[in-house]
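Input: a single structure, listed below in structure tokens.
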Amino acid sequence: MADVITEEPVELLLERHRTELTGYCYRMLGSVFEAEDAVQETMVRAWRGHRGFEGRAALRSWLYRIATNVCLDALNGRNARARPMDLAGPVTVATASDTRLPEVAWIGPAPDGRVLAETGDPAEVAAQRESVKLAFVAVLQRLAPRQRAVLILREVLGWKAAEAAELLGVTVASVNSALQRARAVLAADAPAARPAPALDEDHRALLDRYVRAFEAYDMDGLAALLHEDVTLNMPPFAMWLQGQDEIRAWMLGPGHGCRGSRLLPVTANGGPAFAQYRPSPAGGHEPWALIVPEVSGGRFTGFTNFLDTDVLFPLFGLPPGLDAETGFEAETETDFGAETGAGAEPGPGVGAAVE
């Protein structure tokens with residue numbers, strides 16, 4: 001933590017920390033939009049207060065103190081964001097409803113470029129990717145806000161207990177106690193604690209098989225790629241499904257409109273993801289879902305299909321539609337970048353909405 005205020009323009013000094021602060025605030029708040037707002041407020045407060053700062057402490061730790069206070073203020077008195085699996089049990093295709101919850105209820109996806117540094121020590125980069133997995137961010141939201149901050153500062157950012165205690169204005173003993181409780185919550189959640197697979201040859205082959213099966217609407221081939229307890233959730237719908245049979249039934253029933261879709265590869269939450277474009281009545285394909293999958297043991301274990309494409313596709317820099325000539329394999333075949341470390345695959349429920 002060596003940065004101090006120098007003669008360099010303060011705007012440039014502050015801007016250097018924007019991405020890592022956005023990642024921190026995203027883990028705290030569960031929304032990249034709220035995170036960017038929190039970081040902007042942090043920058044404003046820092047710019048206004050920099051003349052009185054006078055290098056009394058490292059600039060980076062000072063910014064994290066401001067960002068933490070902004071996040072704690074934002075979290076005060078409100079319900080934590082969650083995933084559908086955190087709110088109720090699974091439904092079946094026969095009992096599924098179209099009940100929707102507001103955007104503020106859900107943990108949202110994050111483009112890697114907004115929350116993760118592009119370069120750095122490979123081990124640190126891998127750890128950062130792990131810490132923005134949807135499952136991990138979901139566990140963070142179940143912690144009390146200060147516990148959340150302690151876990152991120154200590155386990156994700158590698159701060160010492162004394163540094164975290166100084167930032168939060170508490171004792172080292174209090175930080176250690178909060179960290180112990182937070183670790184217990186994390187250890188009890190298998191998906192969050194499970195490391196994501198490396199994007200190796202086997203992982204890429206699994207992605208390719210999924211794309212081929214989904215675009216051909218080969219439900220038998222798709223089911224073969226799924227863990228028996230695979231889950232599918234589709235914010236903003238409150239419901240979620242579990243099991244190969246239920247997901248297959250969904251795709252052939254309420255989700256049949258996904259037949260003929262095209263998938264484009266993106267990176268989200270530290271790993272591979274997909275933008276789904278569904279056939280449009282006007283011709284070509286229109287945005288339908290951003291698919292963030294989970295993989296373990298060579299099988300898909302879960303899919304979160306975000307349906308709010310009006311805001312998410314621009315956030316990820318995705319085109320507003322695909323013309324009739326655009327094909328996934330022709331232009332964008334599962335190229336997620338060699339440095340992408342966390343696993344995420346597309347899954348069968350790919351944005352199929354209740355119809």
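Following the order of the structure tokens, chains are lettered A, B, ..., residues in each are numbered from 1, and ligands are numbered from 1.
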Name all residues at most 9 Å from range 305-321 of chain A (count only C-alpha atoms; drop same-chain ones fewer than 2 positions away) and give them as a PDB file with C-alpha atoms, in the first residue's frame.
ATOM      1  CA  GLU A 103     -34.019  -5.778  -9.900  1.00  0.00           C
ATOM      2  CA  GLY A 108     -26.329  -9.250 -11.019  1.00  0.00           C
ATOM      3  CA  PRO A 109     -23.575 -10.338 -13.406  1.00  0.00           C
ATOM      4  CA  ALA A 110     -20.370  -8.379 -13.882  1.00  0.00           C
ATOM      5  CA  PRO A 111     -18.190  -8.026 -16.990  1.00  0.00           C
ATOM      6  CA  LEU A 232     -31.447 -23.351 -13.588  1.00  0.00           C
ATOM      7  CA  ASN A 233     -32.542 -19.926 -12.412  1.00  0.00           C
ATOM      8  CA  MET A 234     -33.700 -17.003 -14.521  1.00  0.00           C
ATOM      9  CA  PRO A 235     -33.808 -13.608 -12.801  1.00  0.00           C
ATOM     10  CA  PRO A 236     -36.111 -11.713 -12.557  1.00  0.00           C
ATOM     11  CA  PHE A 237     -38.287 -14.834 -12.154  1.00  0.00           C
ATOM     12  CA  LEU A 264     -21.997 -15.602 -28.492  1.00  0.00           C
ATOM     13  CA  VAL A 266     -18.432 -13.446 -23.354  1.00  0.00           C
ATOM     14  CA  THR A 267     -16.663 -13.440 -20.016  1.00  0.00           C
ATOM     15  CA  ALA A 268     -18.603 -12.706 -16.843  1.00  0.00           C
ATOM     16  CA  ALA A 275     -25.103 -14.140 -24.745  1.00  0.00           C
ATOM     17  CA  TYR A 277     -29.989 -14.460 -29.145  1.00  0.00           C
ATOM     18  CA  GLY A 284     -32.584 -12.547 -37.494  1.00  0.00           C
ATOM     19  CA  HIS A 285     -32.047 -12.976 -33.749  1.00  0.00           C
ATOM     20  CA  GLU A 286     -32.789 -10.697 -30.807  1.00  0.00           C
ATOM     21  CA  PRO A 287     -31.230 -10.554 -27.305  1.00  0.00           C
ATOM     22  CA  TRP A 288     -32.763 -13.002 -24.883  1.00  0.00           C
ATOM     23  CA  ALA A 289     -30.440 -13.900 -21.997  1.00  0.00           C
ATOM     24  CA  LEU A 290     -26.974 -13.577 -20.540  1.00  0.00           C
ATOM     25  CA  ILE A 291     -26.019 -17.069 -19.398  1.00  0.00           C
ATOM     26  CA  VAL A 292     -23.533 -17.492 -16.555  1.00  0.00           C
ATOM     27  CA  PRO A 293     -22.892 -21.211 -15.971  1.00  0.00           C
ATOM     28  CA  PHE A 303     -26.970 -21.918 -14.958  1.00  0.00           C
ATOM     29  CA  ASP A 323     -28.801 -10.809 -38.692  1.00  0.00           C
ATOM     30  CA  PRO A 346     -23.871 -22.054 -20.840  1.00  0.00           C
ATOM     31  CA  GLY A 347     -26.698 -24.214 -19.882  1.00  0.00           C
ATOM     32  CA  GLY A 349     -32.266 -23.330 -19.466  1.00  0.00           C
ATOM     33  CA  VAL A 350     -30.668 -20.659 -21.525  1.00  0.00           C
ATOM     34  CA  GLY A 351     -32.972 -17.808 -20.902  1.00  0.00           C
ATOM     35  CA  ALA A 352     -36.164 -19.665 -21.510  1.00  0.00           C
ATOM     36  CA  ALA A 353     -38.822 -17.478 -19.966  1.00  0.00           C
TER      37      ALA A 353
END
Residues of range 44-157 of chain A classed as helix (DSSP H, G or I) by DSSP on the backbone are to be reported as a PyMOL selection string. chain A and resi 44-53+59-75+84-87+103-105+112-115+122-130+134-141+145-156
Which value, in Å to one decimal, gives the distance between CA of Ser174 in chain A and CA of Ala144 in chain A? 13.6 Å
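Within the 7 Å cut-off around Ala138 in chain A, using only C-alpha atoms and omitting residues fewer than 5 positions from it on the same chain, the listed residues are Ala82, Arg83 and Ile107 of chain A.
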